[in-house]
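Colleague: Structure supplied as my_file-v7.cif; contents: mmCIF, C-alpha atoms.
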```cif
data_upload
loop_
_atom_site.label_atom_id
_atom_site.label_comp_id
_atom_site.auth_asym_id
_atom_site.auth_seq_id
_atom_site.Cartn_x
_atom_site.Cartn_y
_atom_site.Cartn_z
CA MET A 169 -10.25 31.20 -11.02
CA THR A 170 -9.10 32.36 -14.44
CA GLU A 171 -6.54 30.16 -16.16
CA ARG A 172 -4.83 30.44 -19.54
CA LEU A 173 -3.34 27.35 -21.10
CA LEU A 174 0.30 27.74 -22.10
CA SER A 175 1.36 26.97 -25.64
CA VAL A 176 4.20 24.56 -26.34
CA ASP A 177 6.35 27.54 -27.36
CA GLU A 178 5.64 29.34 -24.06
CA ILE A 179 6.52 26.19 -22.09
CA ARG A 180 9.81 25.89 -24.02
CA GLU A 181 10.71 29.43 -22.88
CA LEU A 182 10.50 28.49 -19.17
CA SER A 183 13.64 27.62 -17.23
CA ARG A 184 15.03 24.11 -17.57
CA ASP A 185 14.24 23.29 -13.93
CA LEU A 186 10.61 24.44 -14.18
CA ARG A 187 10.17 22.49 -17.45
CA ILE A 188 11.53 19.37 -15.72
CA LEU A 189 9.07 19.81 -12.85
CA LEU A 190 6.16 20.40 -15.24
CA ALA A 191 7.07 17.44 -17.47
CA THR A 192 7.74 14.80 -14.85
CA ASN A 193 5.40 11.86 -14.70
CA GLY A 194 7.28 10.45 -11.74
CA THR A 195 7.23 11.44 -8.10
CA LEU A 196 7.40 15.26 -8.00
CA THR A 197 8.87 15.29 -4.48
CA ARG A 198 11.91 13.22 -5.52
CA ILE A 199 12.65 15.46 -8.50
CA LEU A 200 12.08 18.60 -6.45
CA ASN A 201 14.68 17.30 -3.93
CA VAL A 202 17.24 17.45 -6.75
CA VAL A 203 16.12 20.73 -8.33
CA ALA A 204 15.90 22.53 -4.96
CA ASP A 205 19.09 20.87 -3.67
CA GLU A 206 17.48 20.08 -0.32
CA GLU A 207 15.13 17.58 1.26
CA ILE A 208 11.48 18.38 0.57
CA VAL A 209 8.80 17.92 3.24
CA VAL A 210 5.02 18.05 3.13
CA HIS A 211 3.05 20.63 5.11
CA ILE A 212 -0.64 19.65 5.15
CA VAL A 213 -2.70 22.84 5.07
CA ASP A 214 -6.09 21.10 5.06
CA GLN A 215 -7.32 17.55 4.70
CA ARG A 216 -10.92 16.32 4.79
CA VAL A 217 -13.10 13.50 3.49
CA HIS A 218 -16.13 14.31 1.29
CA HIS A 219 -18.94 11.89 0.48
CA ILE A 220 -19.18 13.41 -3.03
CA ALA A 221 -16.18 14.63 -5.04
CA PRO A 222 -15.85 18.41 -5.46
CA LYS A 223 -16.01 19.58 -9.09
CA VAL A 224 -12.75 20.02 -10.99
CA PRO A 225 -12.74 22.29 -14.07
CA ASP A 226 -12.51 20.49 -17.42
CA LEU A 227 -12.14 16.99 -15.93
CA GLN A 228 -14.40 13.98 -15.67
CA GLU A 229 -15.80 13.34 -12.22
CA LEU A 230 -14.14 10.81 -9.97
CA PRO A 231 -16.14 7.59 -9.41
CA LEU A 232 -18.76 7.56 -6.68
CA GLY A 233 -17.56 7.05 -3.12
CA ARG A 234 -15.64 8.94 -0.50
CA VAL A 235 -13.05 11.46 -1.67
CA LEU A 236 -10.12 12.71 0.38
CA GLN A 237 -9.34 16.35 -0.40
CA ARG A 238 -5.76 17.17 0.57
CA ASN A 239 -4.24 20.67 0.27
CA ILE A 240 -0.49 20.72 0.88
CA VAL A 241 2.69 22.74 0.41
CA LEU A 242 5.99 21.10 -0.54
CA LYS A 243 8.79 23.03 1.13
CA GLY A 244 12.46 22.72 1.93
CA ARG A 245 13.21 21.05 5.26
CA SER A 246 16.19 23.27 6.12
CA THR A 247 15.23 26.55 4.43
CA GLY A 248 11.45 26.35 4.86
CA LYS A 249 11.12 27.76 1.30
CA PRO A 250 7.77 26.83 -0.27
CA PHE A 251 8.13 25.39 -3.78
CA VAL A 252 4.78 23.81 -4.73
CA ALA A 253 1.22 24.04 -3.44
CA ALA A 254 -1.01 21.11 -4.43
CA GLU A 255 -4.66 20.13 -4.23
CA SER A 256 -5.47 16.45 -4.48
CA LEU A 257 -8.82 14.70 -4.77
CA ILE A 258 -8.41 11.01 -3.97
CA ALA A 259 -11.10 8.34 -4.41
CA ILE A 260 -10.05 6.54 -1.24
CA ASP A 261 -12.61 3.73 -1.51
CA LEU A 262 -10.90 2.55 -4.72
CA LEU A 263 -7.42 2.36 -3.16
CA PRO A 264 -5.83 -0.46 -1.17
CA PRO A 265 -6.54 -0.06 2.59
CA GLU A 266 -2.85 0.45 3.49
CA LEU A 267 -2.55 3.28 0.95
CA MET A 268 -5.75 4.91 2.22
CA THR A 269 -4.41 4.68 5.79
CA SER A 270 -1.07 6.20 4.79
CA LEU A 271 -2.76 9.12 3.02
CA THR A 272 -5.21 9.86 5.84
CA THR A 273 -2.90 9.43 8.84
CA THR A 274 0.56 10.62 7.71
CA ASP A 275 2.13 13.55 5.87
CA CYS A 276 3.74 11.22 3.34
CA PRO A 277 3.71 12.64 -0.23
CA ILE A 278 1.11 10.94 -2.45
CA GLY A 279 3.69 9.72 -4.97
CA GLU A 280 5.83 8.17 -2.24
CA ALA A 281 2.80 6.51 -0.60
CA MET A 282 1.70 5.10 -3.97
CA ALA A 283 5.20 3.83 -4.76
CA ALA A 284 5.39 2.10 -1.36
CA SER A 285 2.02 0.41 -1.98
CA CYS A 286 3.17 -0.95 -5.39
CA LEU A 287 -0.18 0.12 -6.89
CA GLU A 288 0.07 0.06 -10.69
CA THR A 289 -1.12 3.39 -12.08
CA PHE A 290 -1.08 5.53 -15.21
CA LYS A 291 -0.63 9.30 -15.01
CA GLU A 292 -2.40 11.20 -17.80
CA ALA A 293 -0.58 14.03 -19.57
CA PRO A 294 -1.11 17.23 -17.60
CA THR A 295 -2.62 20.48 -18.76
CA VAL A 296 -0.19 23.35 -18.08
CA TRP A 297 -1.47 26.88 -17.49
CA VAL A 298 -0.92 30.23 -15.83
CA GLY A 299 -3.50 31.47 -13.38
CA GLU A 300 -4.15 32.52 -9.83
CA LEU A 301 -2.87 30.92 -6.66
CA PRO A 302 -5.46 28.84 -4.78
CA THR A 303 -7.55 30.73 -2.24
CA TRP A 304 -6.70 28.21 0.51
CA LEU A 305 -2.96 28.97 0.34
CA GLU A 306 -1.86 30.58 3.59
CA ASP A 307 -0.44 34.12 3.44
CA GLY A 308 2.99 32.96 4.62
CA TYR A 309 3.33 30.93 1.42
CA ARG A 310 2.20 33.68 -0.96
CA ASP A 311 4.73 35.88 -2.70
CA SER A 312 4.74 39.06 -4.76
CA HIS A 313 3.07 37.32 -7.71
CA ALA A 314 -0.65 36.71 -7.27
CA GLY A 315 -0.35 34.17 -10.08
CA THR A 316 1.39 30.92 -10.78
CA VAL A 317 2.32 28.36 -13.39
CA GLY A 318 0.35 25.20 -12.69
CA ARG A 319 -0.55 21.79 -14.00
CA ARG A 320 -3.48 19.40 -13.48
CA TYR A 321 -3.66 15.69 -14.23
CA ARG A 322 -5.48 12.48 -13.32
CA ILE A 323 -4.02 9.22 -12.08
CA ILE A 324 -5.74 6.07 -13.32
CA ALA A 325 -5.77 2.70 -11.52
CA ALA A 326 -7.61 -0.41 -12.73
CA GLY A 327 -9.02 1.65 -15.64
CA GLN A 328 -10.65 4.29 -13.41
CA PRO A 329 -9.56 7.78 -12.38
CA VAL A 330 -8.65 7.56 -8.69
CA ILE A 331 -6.75 10.83 -8.12
CA VAL A 332 -6.89 14.34 -9.56
CA ILE A 333 -3.90 16.52 -8.68
CA THR A 334 -3.51 20.25 -9.28
CA GLU A 335 -0.02 21.64 -8.62
CA TYR A 336 0.84 25.32 -8.32
CA PHE A 337 4.54 26.16 -8.75
CA LEU A 338 5.41 28.94 -6.31
CA GLN A 339 7.88 31.82 -6.61
CA ASN A 340 10.89 29.68 -5.64
CA CYS A 341 10.27 27.54 -8.76
CA ILE A 342 9.34 30.33 -11.14
CA ASP A 343 11.99 31.99 -13.25
CA GLU A 344 12.09 35.45 -14.77
CA TYR A 345 10.39 34.32 -18.01
CA ALA A 346 7.53 32.67 -16.13
CA ALA A 347 7.05 35.91 -14.19
CA THR A 348 6.58 37.78 -17.50
CA VAL A 349 4.07 35.13 -18.65
CA LEU A 350 2.21 35.64 -15.37
CA ASP A 351 2.13 39.36 -16.02
CA ARG A 352 0.34 38.62 -19.34
CA ARG A 353 -2.28 36.32 -17.79
CA PRO A 354 -5.91 37.36 -18.19
CA HIS A 355 -7.33 39.36 -15.32
CA SER A 356 -10.13 37.71 -13.37
CA ASN A 357 -13.58 38.76 -14.42
CA GLY A 358 -15.21 37.15 -11.42
CA LYS A 359 -15.99 33.95 -13.35
CA SER A 360 -14.22 30.69 -12.87
CA GLY A 361 -12.97 28.49 -15.64
CA ARG A 362 -10.29 28.63 -18.28
CA SER A 363 -9.47 31.41 -20.61
CA SER A 364 -8.25 30.34 -24.02
CA GLY A 365 -6.23 33.56 -24.12
#
```
Write the structure described by the file as structure tokens, please.
Modeller:
Amino acid sequence: MTERLLSVDEIRELSRDLRILLATNGTLTRILNVVADEEIVVHIVDQRVHHIAPKVPDLQELPLGRVLQRNIVLKGRSTGKPFVAAESLIAIDLLPPELMTSLTTTDCPIGEAMAASCLETFKEAPTVWVGELPTWLEDGYRDSHAGTVGRRYRIIAAGQPVIVITEYFLQNCIDEYAATVLDRRPHSNGKSGRSSG
């Protein structure tokens, strides 16, 4: 996947609501409830446990142990509108058992499950970029733009990275300016990684 980091000036040009969603270091689902003006629910597209963490571009590996990979879409309960697609890699062996159980057996959002567990964490500052939508995203959630504005960050607990989250903001979150930024994104050359633009 080709990604181009956004400059601070480009981020400032995005709509207020999209900037709020990109900047939050709280629970995205709670803030999206307000921005979208409706209750947000989780649709799990795919969820599986790996014995070795998949590679994430430009980030340190997660510690050894089992990793839950969770691909989801946050959408409006009443409208069904998709707002955010997210990929999460979760080092489940480093989490409290009740949190691991919640993440593997329910459709509870990660932020809500973590808040309920009272696990003390630190969320690193995200990288913000424009790029392509993930290949796993179902056709019903894709829109006229093949690209997206996204962010990626790690969550640290007890001094170790325990979660890597990549969020893709879908058409219902993207304003007219973001659409023009997407139109300027680099075209894929078949290689994965970031483009410095």
Colleague: CA of Ile220 (chain A) and CA of Ser256 (chain A) are how many Å apart?
Modeller: 14.1 Å
Colleague: Counting all atoms listed in the file, which residues come within 10 Å of (-4.5, 12.4, 3.5), with the point read in the file's coordinates, and could you list them as a PyMOL selection string?
Modeller: chain A and resi 212+214-217+236-240+256-258+260+267-278
Colleague: Can you turn the PyMOL selection byres ((chain A and resi 192-209) around 7) into a concrete residue list for this file, as a ChimeraX atom specification?
Modeller: /A:185,188-191,210-211,242-245,279-280,291
Colleague: Closest to Arg310 (chain A) among A:Pro222, A:Pro250, A:Pro294, A:Gly327, using only C-alpha atoms?
Modeller: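 The shortest atom-to-atom distance to Arg310 (chain A) comes from A:Pro250.
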Colleague: If I take CA of Thr316 (chain A) and CA of Thr289 (chain A), how far is one from the other in Å, to one decimal?
Modeller: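 Taking CA of Thr316 (chain A) as the start and CA of Thr289 (chain A) as the end point, the length is 27.7 Å.
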Colleague: To one decimal place, how far is CA of Val296 (chain A) from CA of Val317 (chain A) in Å?
Modeller: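 Result for CA of Val296 (chain A) versus CA of Val317 (chain A): 7.3 Å, one decimal.
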Colleague: Taking into account all atoms listed in the file, which residue in the set A:Ala326, A:Ala253, A:Leu186, A:Ala259 is nearest to Glu288 (chain A)?
Modeller: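 Of A:Ala326, A:Ala253, A:Leu186, A:Ala259, the one nearest Glu288 (chain A), counting all atoms listed in the file, is A:Ala326.
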